[in-house]
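upload.txt (compact mmCIF, C-alpha atoms)
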# COMPACT_ATOMS: atom_id res chain seq x y z
CA MET A 1 0.00 0.00 0.00
CA ALA A 2 2.78 2.39 1.04
CA ALA A 3 4.69 1.60 -2.13
CA THR A 4 1.78 2.66 -4.34
CA LEU A 5 1.41 6.09 -2.70
CA PRO A 6 4.31 7.85 -4.50
CA LEU A 7 2.95 6.51 -7.76
CA VAL A 8 -0.45 8.06 -7.02
CA TYR A 9 1.19 11.43 -6.24
CA PHE A 10 3.26 11.20 -9.39
CA LEU A 11 0.21 10.50 -11.55
CA ARG A 12 -1.71 13.33 -9.89
CA LEU A 13 1.19 15.68 -10.56
CA ILE A 14 1.22 14.73 -14.23
CA PHE A 15 -2.53 15.24 -14.37
CA ILE A 16 -2.29 18.73 -12.82
CA GLN A 17 0.51 19.66 -15.19
CA MET A 18 -1.49 18.49 -18.18
CA LYS A 19 -4.44 20.54 -17.00
CA THR A 20 -2.24 23.63 -16.62
CA PHE A 21 -0.71 22.99 -20.02
CA ARG A 22 -4.15 22.75 -21.57
CA ILE A 23 -5.22 26.03 -19.95
CA VAL A 24 -2.05 27.72 -21.21
CA ILE A 25 -2.74 26.41 -24.73
CA ALA A 26 -6.33 27.62 -24.51
CA ILE A 27 -5.22 31.09 -23.37
CA LEU A 28 -2.62 31.22 -26.14
CA ALA A 29 -5.21 30.20 -28.73
CA PHE A 30 -7.60 32.82 -27.42
CA THR A 31 -4.89 35.49 -27.53
CA VAL A 32 -4.03 34.57 -31.12
CA ALA A 33 -7.69 34.59 -32.09
CA THR A 34 -8.40 37.99 -30.58
CA ALA A 35 -5.12 39.74 -31.32
CA HIS A 36 -6.35 41.21 -34.60
CA ALA A 37 -9.52 42.76 -35.87
CA GLN A 38 -11.72 40.22 -37.55
CA PHE A 39 -15.27 38.98 -37.97
CA ILE A 40 -15.50 36.00 -35.61
CA LYS A 41 -18.95 34.58 -36.23
CA ALA A 42 -22.35 35.44 -37.65
CA GLU A 43 -25.98 34.65 -37.11
CA LEU A 44 -27.73 34.53 -40.47
CA GLN A 45 -31.47 34.24 -40.91
CA VAL A 46 -32.65 33.27 -44.38
CA ASN A 47 -36.00 34.19 -45.89
CA GLY A 48 -38.51 32.16 -47.83
CA LEU A 49 -37.28 28.74 -46.86
CA THR A 50 -39.02 25.90 -45.05
CA CYS A 51 -37.70 22.63 -46.46
CA SER A 52 -34.57 20.84 -45.29
CA LEU A 53 -33.48 20.21 -48.89
CA CYS A 54 -33.53 24.00 -49.45
CA SER A 55 -31.60 24.61 -46.20
CA LYS A 56 -29.02 22.05 -47.23
CA ALA A 57 -28.59 23.70 -50.63
CA THR A 58 -28.10 27.05 -48.85
CA GLU A 59 -25.57 25.60 -46.40
CA LYS A 60 -23.63 23.87 -49.19
CA SER A 61 -23.55 27.16 -51.08
CA LEU A 62 -22.24 29.05 -48.00
CA ARG A 63 -19.59 26.41 -47.34
CA THR A 64 -17.90 27.17 -50.66
CA LEU A 65 -16.80 30.54 -49.20
CA PRO A 66 -13.09 30.45 -48.23
CA PHE A 67 -13.63 32.29 -44.94
CA VAL A 68 -16.41 30.03 -43.61
CA GLY A 69 -15.11 27.63 -40.96
CA ASP A 70 -18.19 25.90 -39.65
CA ILE A 71 -21.98 26.19 -39.93
CA LYS A 72 -24.67 25.04 -37.54
CA VAL A 73 -28.26 25.21 -38.75
CA ASP A 74 -31.51 25.71 -36.91
CA LEU A 75 -33.87 24.18 -39.50
CA ASN A 76 -37.01 25.36 -37.73
CA ARG A 77 -36.01 29.03 -37.53
CA ASN A 78 -33.89 29.01 -40.73
CA ILE A 79 -30.92 30.39 -38.82
CA PHE A 80 -27.35 29.57 -39.88
CA LEU A 81 -24.69 30.03 -37.19
CA ILE A 82 -21.46 30.62 -39.08
CA VAL A 83 -18.01 30.51 -37.48
CA PHE A 84 -15.41 32.34 -39.57
CA LYS A 85 -11.87 31.12 -40.12
CA ASP A 86 -9.12 33.01 -38.42
CA ASN A 87 -6.90 35.14 -40.67
CA VAL A 88 -9.12 34.82 -43.75
CA PRO A 89 -10.78 38.12 -44.72
CA VAL A 90 -14.57 37.99 -44.46
CA SER A 91 -16.81 39.47 -47.16
CA LEU A 92 -20.39 40.07 -46.05
CA ASP A 93 -21.45 40.71 -49.66
CA GLN A 94 -20.33 37.20 -50.59
CA ILE A 95 -22.59 35.74 -47.88
CA SER A 96 -25.62 37.56 -49.28
CA LYS A 97 -24.66 36.49 -52.81
CA LYS A 98 -24.40 32.81 -51.86
CA VAL A 99 -27.81 32.87 -50.14
CA GLU A 100 -29.37 34.50 -53.22
CA ASN A 101 -27.68 31.96 -55.49
CA ALA A 102 -29.34 29.21 -53.48
CA GLY A 103 -32.65 30.88 -54.34
CA PHE A 104 -33.33 32.76 -51.12
CA PHE A 105 -32.67 36.08 -49.38
CA VAL A 106 -30.95 37.23 -46.20
CA ASN A 107 -33.52 38.40 -43.66
CA ASN A 108 -31.02 39.26 -40.97
CA LEU A 109 -27.24 39.12 -40.63
CA LYS A 110 -25.74 39.74 -37.22
CA ALA A 111 -21.95 39.46 -37.49
CA THR A 112 -19.69 39.64 -34.44
CA PHE A 113 -16.65 41.83 -35.04
CA ASN A 114 -13.60 42.00 -32.82
CA PHE A 115 -12.78 45.68 -32.31
CA THR A 116 -9.39 45.08 -30.68
CA ASN A 117 -6.84 47.40 -32.34
CA ILE A 118 -9.57 49.05 -34.40
CA HIS A 119 -10.21 52.77 -34.20
CA VAL A 120 -13.72 53.98 -34.75
CA VAL A 121 -13.60 57.54 -36.10
CA ASN A 122 -16.84 59.49 -36.42
CA ASN A 123 -18.70 56.16 -36.40
CA TYR A 124 -16.59 54.79 -39.27
CA PHE A 125 -14.02 52.01 -39.26
CA SER A 126 -12.12 50.07 -41.91
CA TYR A 127 -11.64 46.37 -42.38
CA THR A 128 -9.83 44.69 -45.30
CA GLY A 129 -10.08 47.84 -47.42
CA ASP A 130 -13.82 48.30 -46.89
CA THR A 131 -15.54 50.92 -44.75
CA TYR A 132 -18.18 50.21 -42.12
CA ARG A 133 -20.51 52.93 -40.91
CA LEU A 134 -22.12 52.53 -37.49
CA VAL A 135 -25.58 54.00 -38.00
CA ASN A 136 -26.26 54.18 -34.25
CA GLY A 137 -22.73 54.30 -32.87
CA ASP A 138 -22.97 57.66 -31.03
CA ASN A 139 -19.17 57.87 -31.38
CA LYS A 140 -18.71 55.24 -28.70
CA ASP A 141 -15.31 53.66 -28.32
CA LEU A 142 -15.68 49.97 -29.07
CA ASN A 143 -13.49 47.19 -27.82
CA GLY A 144 -13.54 43.41 -28.05
CA PRO A 145 -16.27 41.44 -29.81
CA VAL A 146 -19.41 43.41 -30.73
CA ALA A 147 -22.41 42.13 -32.71
CA LEU A 148 -23.14 44.25 -35.79
CA THR A 149 -26.37 43.97 -37.76
CA VAL A 150 -26.11 44.89 -41.42
CA VAL A 151 -28.92 47.32 -42.24
CA GLU A 152 -28.99 47.57 -45.98
CA LYS A 153 -30.52 46.02 -49.07
CA GLY A 154 -29.51 42.38 -49.52
CA PHE A 155 -29.16 41.89 -45.75
CA ALA A 156 -32.42 43.11 -44.23
CA PRO A 157 -36.09 43.57 -45.11
CA PRO A 158 -37.08 46.92 -46.73
CA SER A 159 -38.67 48.16 -43.49
CA VAL A 160 -35.25 48.00 -41.84
CA TYR A 161 -32.93 49.26 -44.56
CA LYS A 162 -35.24 52.10 -45.58
CA LYS A 163 -35.05 53.43 -42.02
CA TYR A 164 -31.30 53.96 -42.37
CA ASN A 165 -31.36 55.11 -45.98
CA GLY A 166 -30.49 58.68 -46.83
CA HIS A 167 -28.41 59.31 -43.72
CA ALA A 168 -25.68 61.62 -44.90
CA SER A 169 -22.27 60.04 -44.69
CA VAL A 170 -20.06 62.85 -43.47
CA GLY A 171 -16.55 63.06 -42.14
CA ALA A 172 -14.05 60.20 -41.83
CA PRO A 173 -12.08 58.91 -44.80
CA LYS A 174 -13.84 56.12 -46.64
CA SER A 175 -12.49 53.48 -48.96
CA GLY A 176 -13.92 50.49 -50.81
CA ARG A 177 -17.44 49.33 -50.19
CA VAL A 178 -19.33 51.17 -47.43
CA TYR A 179 -21.46 48.88 -45.25
CA GLN A 180 -24.18 50.33 -43.02
CA VAL A 181 -24.19 48.47 -39.71
CA ALA A 182 -26.08 48.88 -36.45
CA ILE A 183 -24.94 47.87 -32.98
CA MET B 1 -63.52 6.41 -56.13
CA LYS B 2 -63.76 9.47 -58.37
CA TYR B 3 -65.77 11.45 -55.81
CA LEU B 4 -63.39 10.44 -53.07
CA LEU B 5 -60.50 11.80 -55.16
CA ILE B 6 -62.36 15.03 -55.88
CA THR B 7 -63.08 15.42 -52.19
CA ILE B 8 -59.45 14.78 -51.22
CA CYS B 9 -58.13 17.20 -53.84
CA LEU B 10 -60.59 19.96 -53.00
CA ALA B 11 -59.98 19.50 -49.29
CA ALA B 12 -56.24 19.68 -49.93
CA LEU B 13 -56.58 22.84 -52.02
CA ALA B 14 -58.92 24.51 -49.54
CA CYS B 15 -57.14 23.54 -46.35
CA PRO B 16 -55.04 26.48 -45.16
CA VAL B 17 -52.40 24.31 -43.51
CA PHE B 18 -51.50 22.29 -46.57
CA SER B 19 -47.44 21.78 -48.18
CA GLN B 20 -44.20 22.03 -49.88
CA GLU B 21 -43.46 23.08 -53.41
CA LEU B 22 -41.40 20.24 -54.83
CA TYR B 23 -44.41 19.22 -56.89
CA ILE B 24 -44.56 15.84 -58.56
CA ASN B 25 -46.52 16.62 -61.73
CA THR B 26 -45.70 20.31 -62.15
CA GLU B 27 -42.80 22.72 -61.66
CA PRO B 28 -42.92 25.48 -59.02
CA ALA B 29 -41.90 29.08 -59.72
CA SER B 30 -38.83 28.59 -57.52
CA ASN B 31 -35.56 27.32 -58.94
CA MET B 32 -32.85 24.95 -57.82
CA ALA B 33 -29.76 26.41 -56.18
CA THR B 34 -27.17 27.88 -58.55
CA HIS B 35 -24.67 25.27 -59.80
CA SER B 36 -26.63 22.38 -58.33
CA LEU B 37 -27.63 19.42 -60.44
CA GLY B 38 -30.64 17.15 -60.11
CA VAL B 39 -30.94 13.79 -61.86
CA ARG B 40 -34.31 12.11 -62.18
CA LEU B 41 -35.25 8.61 -63.25
CA GLU B 42 -38.95 8.24 -63.82
CA ASN B 43 -41.27 5.42 -64.75
CA GLN B 44 -44.91 6.01 -65.60
CA GLY B 45 -47.48 3.84 -67.17
CA TYR B 46 -50.95 2.33 -67.23
CA PHE B 47 -52.54 -1.11 -66.90
CA ASP B 48 -55.64 -0.71 -69.02
CA PRO B 49 -56.19 -2.02 -71.72
CA VAL B 50 -52.70 -3.58 -71.49
CA TYR B 51 -49.69 -2.68 -69.40
CA LYS B 52 -47.48 -0.06 -71.06
CA ASP B 53 -44.86 2.17 -69.51
CA ARG B 54 -42.51 5.07 -70.27
CA ASN B 55 -39.08 5.73 -68.77
CA THR B 56 -37.67 9.22 -68.55
CA LEU B 57 -34.19 10.43 -67.72
CA GLU B 58 -34.21 14.08 -66.72
CA VAL B 59 -31.28 16.28 -65.77
CA MET B 60 -31.92 19.65 -64.09
CA TYR B 61 -29.40 22.42 -63.55
CA GLY B 62 -29.50 25.71 -61.64
CA ALA B 63 -27.69 28.01 -64.08
CA SER B 64 -28.04 31.17 -61.99
CA LYS B 65 -30.22 32.36 -59.14
CA ASN B 66 -33.02 33.08 -61.64
CA VAL B 67 -32.45 30.59 -64.45
CA MET B 68 -33.01 26.86 -64.40
CA LEU B 69 -32.63 24.35 -67.24
CA HIS B 70 -33.97 20.81 -67.73
CA GLY B 71 -33.17 18.24 -70.39
CA SER B 72 -35.17 15.02 -70.77
CA LEU B 73 -34.95 11.82 -72.81
CA TYR B 74 -37.93 9.52 -73.30
CA GLN B 75 -38.35 5.82 -74.02
CA SER B 76 -41.57 3.78 -74.05
CA ASP B 77 -43.63 0.97 -75.61
CA TYR B 78 -46.70 3.23 -75.85
CA TYR B 79 -46.85 3.18 -79.66
CA GLN B 80 -45.42 -0.27 -80.37
CA SER B 81 -44.89 -3.55 -78.55
CA ASN B 82 -41.26 -2.95 -77.58
CA GLN B 83 -39.49 -0.21 -75.63
CA ARG B 84 -38.01 2.33 -78.01
CA PHE B 85 -36.23 5.68 -77.72
CA GLU B 86 -38.74 8.43 -78.53
CA GLY B 87 -36.87 11.71 -78.39
CA GLY B 88 -36.15 14.50 -75.95
CA SER B 89 -37.14 17.88 -74.60
CA VAL B 90 -35.47 20.96 -73.15
CA TYR B 91 -37.00 23.33 -70.62
CA PHE B 92 -35.99 26.83 -69.54
CA LYS B 93 -37.40 28.67 -66.52
CA TYR B 94 -36.77 32.27 -65.53
CA ARG B 95 -37.83 33.51 -62.09
CA PHE B 96 -38.92 37.12 -62.44
CA LEU B 97 -40.66 37.70 -59.12
CA SER B 98 -39.61 36.97 -55.53
CA ILE B 99 -41.39 38.42 -52.54
CA ASP B 100 -39.85 36.68 -49.55
CA SER B 101 -40.09 36.91 -45.80
CA VAL B 102 -39.36 34.44 -43.01
CA GLN B 103 -40.90 31.04 -43.85
CA LYS B 104 -43.00 32.36 -46.68
CA HIS B 105 -42.56 33.52 -50.22
CA PHE B 106 -44.44 34.41 -53.36
CA ARG B 107 -42.65 33.74 -56.62
CA GLY B 108 -43.39 34.06 -60.30
CA ALA B 109 -41.61 32.49 -63.24
CA PHE B 110 -41.82 32.29 -66.99
CA PHE B 111 -41.05 29.02 -68.73
CA ILE B 112 -40.57 27.65 -72.23
CA LYS B 113 -40.24 24.04 -73.37
CA ALA B 114 -39.38 22.52 -76.71
CA SER B 115 -39.48 18.87 -77.73
CA ALA B 116 -38.49 16.69 -80.68
CA ILE B 117 -40.33 13.36 -80.64
CA SER B 118 -40.56 10.52 -83.13
CA ASN B 119 -43.92 8.82 -82.51
CA PRO B 120 -47.13 8.30 -84.56
CA LEU B 121 -49.69 11.06 -83.84
CA THR B 122 -52.76 9.16 -82.71
CA ASN B 123 -53.94 11.37 -79.83
CA GLN B 124 -55.87 14.60 -79.55
CA GLU B 125 -53.81 15.59 -76.52
CA ILE B 126 -50.67 17.63 -77.18
CA SER B 127 -48.02 16.53 -74.72
CA LEU B 128 -44.33 17.40 -74.99
CA GLU B 129 -43.41 14.64 -72.50
CA GLY B 130 -42.68 12.01 -75.12
CA ASP B 131 -45.71 12.26 -77.44
CA ASN B 132 -45.47 15.43 -79.52
CA SER B 133 -42.83 17.60 -81.09
CA GLY B 134 -43.78 21.10 -80.09
CA LEU B 135 -43.36 24.27 -78.11
CA GLN B 136 -44.86 25.25 -74.77
CA SER B 137 -44.63 28.54 -72.91
CA GLY B 138 -46.35 29.90 -69.87
CA VAL B 139 -46.23 31.41 -66.42
CA VAL B 140 -46.28 29.86 -62.96
CA PHE B 141 -46.87 31.47 -59.58
CA THR B 142 -46.11 29.79 -56.27
CA LYS B 143 -47.07 30.86 -52.77
CA LEU B 144 -45.40 29.20 -49.80
CA ILE B 145 -46.75 29.73 -46.29
CA HIS B 146 -44.70 27.71 -43.83
CA LYS B 147 -45.74 24.08 -44.41
CA LEU B 148 -48.23 24.78 -47.21
CA ALA B 149 -47.35 25.60 -50.79
CA LEU B 150 -49.86 26.53 -53.48
CA SER B 151 -48.98 26.87 -57.13
CA GLY B 152 -50.81 27.63 -60.34
CA SER B 153 -49.71 27.72 -63.94
CA ALA B 154 -51.14 28.49 -67.35
CA SER B 155 -49.42 27.76 -70.63
CA TYR B 156 -49.87 27.60 -74.36
CA LEU B 157 -48.83 24.57 -76.42
CA HIS B 158 -48.19 24.34 -80.13
CA ALA B 159 -47.65 21.00 -81.88
CA PHE B 160 -45.57 20.43 -84.99
CA ASN B 161 -45.32 17.32 -87.15
CA ASN B 162 -43.36 14.71 -85.27
CA THR B 163 -39.90 13.79 -86.40
CA GLY B 164 -39.51 10.53 -88.31
CA GLY B 165 -42.06 11.62 -90.93
CA TYR B 166 -45.11 11.43 -88.65
CA GLN B 167 -47.58 14.09 -89.81
CA LEU B 168 -50.02 15.82 -87.51
CA PRO B 169 -53.48 14.72 -88.80
CA ALA B 170 -55.41 17.56 -90.45
CA ALA B 171 -58.36 17.00 -88.10
CA ASN B 172 -56.18 17.45 -84.98
CA ALA B 173 -55.79 20.63 -83.02
CA ASP B 174 -52.26 22.00 -83.15
CA ASN B 175 -52.81 24.52 -80.34
CA SER B 176 -53.71 23.79 -76.75
CA ILE B 177 -54.06 25.55 -73.42
CA ALA B 178 -52.77 23.82 -70.28
CA TYR B 179 -53.43 24.84 -66.70
CA THR B 180 -52.46 23.38 -63.35
CA LEU B 181 -53.25 23.97 -59.70
CA SER B 182 -51.10 22.27 -57.07
CA ALA B 183 -51.06 22.08 -53.32
CA GLY B 184 -48.37 20.50 -51.19
CA TYR B 185 -48.06 19.99 -47.46
CA LEU B 186 -45.04 19.13 -45.32
CA PHE B 187 -46.52 16.27 -43.30
CA LEU B 188 -43.37 15.01 -41.55
CA PRO B 189 -41.24 15.88 -39.66
CA LYS B 190 -43.47 17.92 -37.39
CA VAL B 191 -40.36 19.59 -35.96
CA TYR B 192 -36.99 19.58 -37.73
CA GLN B 193 -34.00 18.24 -35.83
CA ASN B 194 -31.47 17.55 -38.56
CA TYR B 195 -30.97 16.99 -42.29
CA ASN B 196 -31.28 13.22 -41.98
CA GLN B 197 -34.89 13.13 -40.93
CA VAL B 198 -37.13 11.69 -43.62
CA ASN B 199 -39.44 14.38 -45.02
CA VAL B 200 -42.91 13.30 -46.07
CA ASN B 201 -44.78 15.68 -48.34
CA LEU B 202 -48.38 15.19 -49.46
CA TYR B 203 -49.57 16.59 -52.77
CA ALA B 204 -52.85 17.22 -54.53
CA GLU B 205 -52.65 18.47 -58.08
CA LEU B 206 -55.21 19.35 -60.74
CA LEU B 207 -53.95 19.11 -64.32
CA GLY B 208 -56.06 20.36 -67.20
CA LYS B 209 -55.80 20.85 -70.94
CA THR B 210 -58.20 22.15 -73.52
CA ASN B 211 -57.96 22.41 -77.31
CA PRO B 212 -59.71 25.70 -78.13
CA GLY B 213 -62.26 25.44 -80.95
CA TYR B 214 -62.31 21.66 -80.85
CA GLY B 215 -64.39 21.08 -77.73
CA GLN B 216 -61.74 18.71 -76.42
CA SER B 217 -60.63 18.98 -72.83
CA TYR B 218 -59.79 17.13 -69.67
CA LEU B 219 -59.15 17.79 -66.00
CA ASP B 220 -57.15 15.23 -64.04
CA ALA B 221 -56.67 14.84 -60.30
CA ALA B 222 -53.23 13.67 -59.24
CA PRO B 223 -52.74 12.93 -55.57
CA GLY B 224 -49.18 12.07 -54.60
CA ILE B 225 -46.76 11.35 -51.80
CA GLN B 226 -43.10 12.28 -51.65
CA LEU B 227 -40.28 11.07 -49.43
CA ILE B 228 -37.02 12.99 -49.09
CA PHE B 229 -34.02 11.19 -47.55
CA ASN B 230 -30.93 12.96 -46.18
CA SER B 231 -32.18 16.19 -47.78
CA LEU B 232 -30.70 14.82 -51.03
CA VAL B 233 -32.71 11.90 -52.40
CA ARG B 234 -36.30 12.32 -53.43
CA VAL B 235 -38.85 9.58 -54.14
CA ASP B 236 -42.16 10.59 -55.76
CA LEU B 237 -45.29 8.48 -56.14
CA SER B 238 -48.42 9.73 -57.85
CA TYR B 239 -51.58 8.43 -59.49
CA ARG B 240 -53.41 10.43 -62.11
CA THR B 241 -57.08 9.99 -62.95
CA PRO B 242 -59.59 12.16 -64.83
CA LEU B 243 -62.31 14.16 -63.13
CA TYR B 244 -63.52 15.04 -66.58
CA ASN B 245 -62.33 13.88 -70.00
CA ASN B 246 -63.48 14.05 -73.62
CA MET B 247 -60.07 14.11 -75.27
CA VAL B 248 -58.52 11.07 -76.98
CA ARG B 249 -55.44 10.05 -74.98
CA LEU B 250 -53.40 6.87 -74.60
CA SER B 251 -54.81 6.21 -71.16
CA SER B 252 -56.36 8.52 -68.68
CA ASN B 253 -55.29 6.59 -65.57
CA THR B 254 -51.53 6.58 -65.07
CA TYR B 255 -49.12 5.97 -62.22
CA LEU B 256 -45.79 7.70 -61.74
CA ILE B 257 -42.70 6.60 -59.79
CA ARG B 258 -39.66 8.87 -59.70
CA LEU B 259 -36.26 8.83 -58.08
CA GLU B 260 -34.30 12.08 -57.86
CA TYR B 261 -30.78 12.72 -56.60
CA ASN B 262 -29.35 16.18 -55.99
CA PHE B 263 -25.73 17.25 -56.32
CA PHE B 264 -24.76 20.64 -54.86
CA ASN B 265 -22.00 22.98 -56.08
CA VAL B 266 -21.15 21.14 -59.29
CA PHE B 267 -19.46 23.13 -62.11
Starting from the coordinates I provided, produce the structure as structure tokens.
Amino acid sequence: MAATLPLVYFLRLIFIQMKTFRIVIAILAFTVATAHAQFIKAELQVNGLTCSLCSKATEKSLRTLPFVGDIKVDLNRNIFLIVFKDNVPVSLDQISKKVENAGFFVNNLKATFNFTNIHVVNNYFSYTGDTYRLVNGDNKDLNGPVALTVVEKGFAPPSVYKKYNGHASVGAPKSGRVYQVAI
Amino acid sequence: MKYLLITICLAALACPVFSQELYINTEPASNMATHSLGVRLENQGYFDPVYKDRNTLEVMYGASKNVMLHGSLYQSDYYQSNQRFEGGSVYFKYRFLSIDSVQKHFRGAFFIKASAISNPLTNQEISLEGDNSGLQSGVVFTKLIHKLALSGSASYLHAFNNTGGYQLPAANADNSIAYTLSAGYLFLPKVYQNYNQVNVNLYAELLGKTNPGYGQSYLDAAPGIQLIFNSLVRVDLSYRTPLYNNMVRLSSNTYLIRLEYNFFNVF
């Protein structure tokens, strides 16, 4: 009995070390994942669709996008939970295009953006050459992951995108495509 | 039997909680996904006066979000004692209207079909599905409300002489009007859990044709059931019988069995 005790302690020590190692790895992975500005995930609701064959066609279409990592589907609510790949630039226009190619339309796209190292100036910020305008930003300083809803044609019903239409885009340098997003 | 069918079809069309739009005997206004391919093998036939059947190979392709193409080849023993290749048809559909919101949509499409068939012309019915060389064009509108889908179409058909030297008899109509009304209902699953659940769709379709100026017309009822496996493989079963008929056709009572497989993101 006494002879087995050191062995038990040794095994426990290894176990604790493995646990610590795993935590360190997890922290490292998290740091890598959040160190740069990037879209992390998105909640996409698709219009006009009620059959699983149609949902599957839509998912297969979305999976051809290089920046899509994984997709989980709620077939009853027609919601696609997309996890984006790290380090691959995300194009929201491509998501809308793939849904329309499958024969449907985006009803709602809520994409989570990591604002670490991103400066929001006059409610504008840039990402991969494109400009994003926060329609209800109130010049707040944003940090960490924030969910952004795209409020324009191709991403929202007319009642939503018409509300934000015609807002003058003033100040702040703009480049590329300008997306209208709400927090 | 006939009144039972009428009752079922009317109940299906009237019932506000009835189906899906992957109709068995008609095409909806919606298209397949872009760059997806569907392959169908179909057998239809009749038992009276003798058993005869037709086999169809159909390939469908989503060319863009609004354009869909079909190509079909036909073979049957309808006009002789042995199975023989009859010809083919091509079909083009353009979706021009989409009013969508969550779990419902209203769509409109225009379609055109052309066929080249080599068979004797013994019927008054003009049918581009293996019997006549001709042209068909029309419109279709489909309304989907959650588990119920309703669809209606109207089209114009024009028959030519068949290939192989078969002349259209002088006494036959060469123009026809076709109309359809379809209802489909997603019966199972009651609640979706995953793509692998078997979907069961119930259909009730009314299929009519009339040859203007000739007093020839029919209206068929076609109830059907559809099973979808793995959200990829579709099996259709349908039986078609006339509610009204004074048009010379091969047989008015026909069955249909179809197997369809879908490929996504091909070329």
Original post:
At what distance in Å, to one decimal, does atom CA of His146 of chain B lie from atom CA of Glu152 of chain A?
Top reply: 25.4 Å
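Across the model, the gap from atom CA of Asn245 of chain B to atom CA of Leu148 of chain B is 28.9 Å.
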Quick one: 6 Å padding each side, axis-aligned, all listed atoms of segment 137-153 of chain B - centre and edge lengths in Å to one decimal, as JSON?
{"center_x": -47.7, "center_y": 27.8, "center_z": -58.4, "size_x": 18.2, "size_y": 19.4, "size_z": 41.1}
**OP:** Just need the residues of chain A within 7 Å of chain B, counting all atoms listed in the file, so spit them out as a ChimeraX atom specification.
**Re:** /A:46-50,52-53,56-57,60-61,75-76,100-103
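Excluding Val90 of chain B itself and any same-chain residue fewer than 4 positions from it, the protein and nucleic acid residues within 7 Å of it, counting all atoms listed in the file, are His70, Gly71, Ser72, Lys113, Ala114 and Ser115 of chain B.
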Original post:
Can you list, as a ChimeraX atom specification, every protein, DNA or RNA residue that comes within 8 Å of Tyr166 of chain B when you count all atoms listed in the file, leaving out same-chain residues fewer than 4 positions away?
Top reply: /B:118-121,161-162
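In this model, the gap between atom CA of Ile112 of chain B and atom CA of Thr142 of chain B comes to 17.0 Å.
Of the listed residues B:Gln167, B:Asp220, B:Ala178, B:Tyr214, the one whose atoms come nearest to Ser251 of chain B is B:Asp220, with distances taken using all atoms listed in the file.
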**OP:** Compile the contact shell of Arg240 of chain B as an NGL selection string: residues with an atom at most 7 Å away, counting all atoms listed in the file, same-chain residues fewer than 2 positions apart removed.
**Re:** :B and (220-222 or 238 or 242 or 253-255)
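If you count only C-alpha atoms and ignore residues fewer than 3 places along the chain from Ser153 of chain B, what sits within 8 Å of it is B:Gly138, B:Val139, B:Val140, B:Phe141, B:Tyr179, B:Thr180, B:Leu181.
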What lies within 10 Å of Phe84 of chain A using all atoms listed in the file, ignoring chain neighbours under 6 positions off, as a PDB file with C-alpha atoms, in the coordinates of the input?
ATOM      1  CA  GLN A  38     -11.720  40.220 -37.550  1.00  0.00           C
ATOM      2  CA  PHE A  39     -15.270  38.980 -37.970  1.00  0.00           C
ATOM      3  CA  ILE A  40     -15.500  36.000 -35.610  1.00  0.00           C
ATOM      4  CA  LYS A  41     -18.950  34.580 -36.230  1.00  0.00           C
ATOM      5  CA  ALA A  42     -22.350  35.440 -37.650  1.00  0.00           C
ATOM      6  CA  LEU A  65     -16.800  30.540 -49.200  1.00  0.00           C
ATOM      7  CA  PRO A  66     -13.090  30.450 -48.230  1.00  0.00           C
ATOM      8  CA  PHE A  67     -13.630  32.290 -44.940  1.00  0.00           C
ATOM      9  CA  VAL A  68     -16.410  30.030 -43.610  1.00  0.00           C
ATOM     10  CA  GLY A  69     -15.110  27.630 -40.960  1.00  0.00           C
ATOM     11  CA  ASP A  70     -18.190  25.900 -39.650  1.00  0.00           C
ATOM     12  CA  ILE A  71     -21.980  26.190 -39.930  1.00  0.00           C
ATOM     13  CA  VAL A  90     -14.570  37.990 -44.460  1.00  0.00           C
ATOM     14  CA  ALA A 111     -21.950  39.460 -37.490  1.00  0.00           C
ATOM     15  CA  THR A 112     -19.690  39.640 -34.440  1.00  0.00           C
TER      16      THR A 112
END
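Distances here use all atoms listed in the file; by that measure, the residue among A:Leu62, A:Val120, A:Ala147, A:Cys51 closest to Ser96 of chain A is A:Leu62.
Compared by their closest atoms to Asn114 of chain A, and using only C-alpha atoms, the residues A:Val88, A:Val135, A:Val99, A:Leu148 rank with A:Leu148 nearest.
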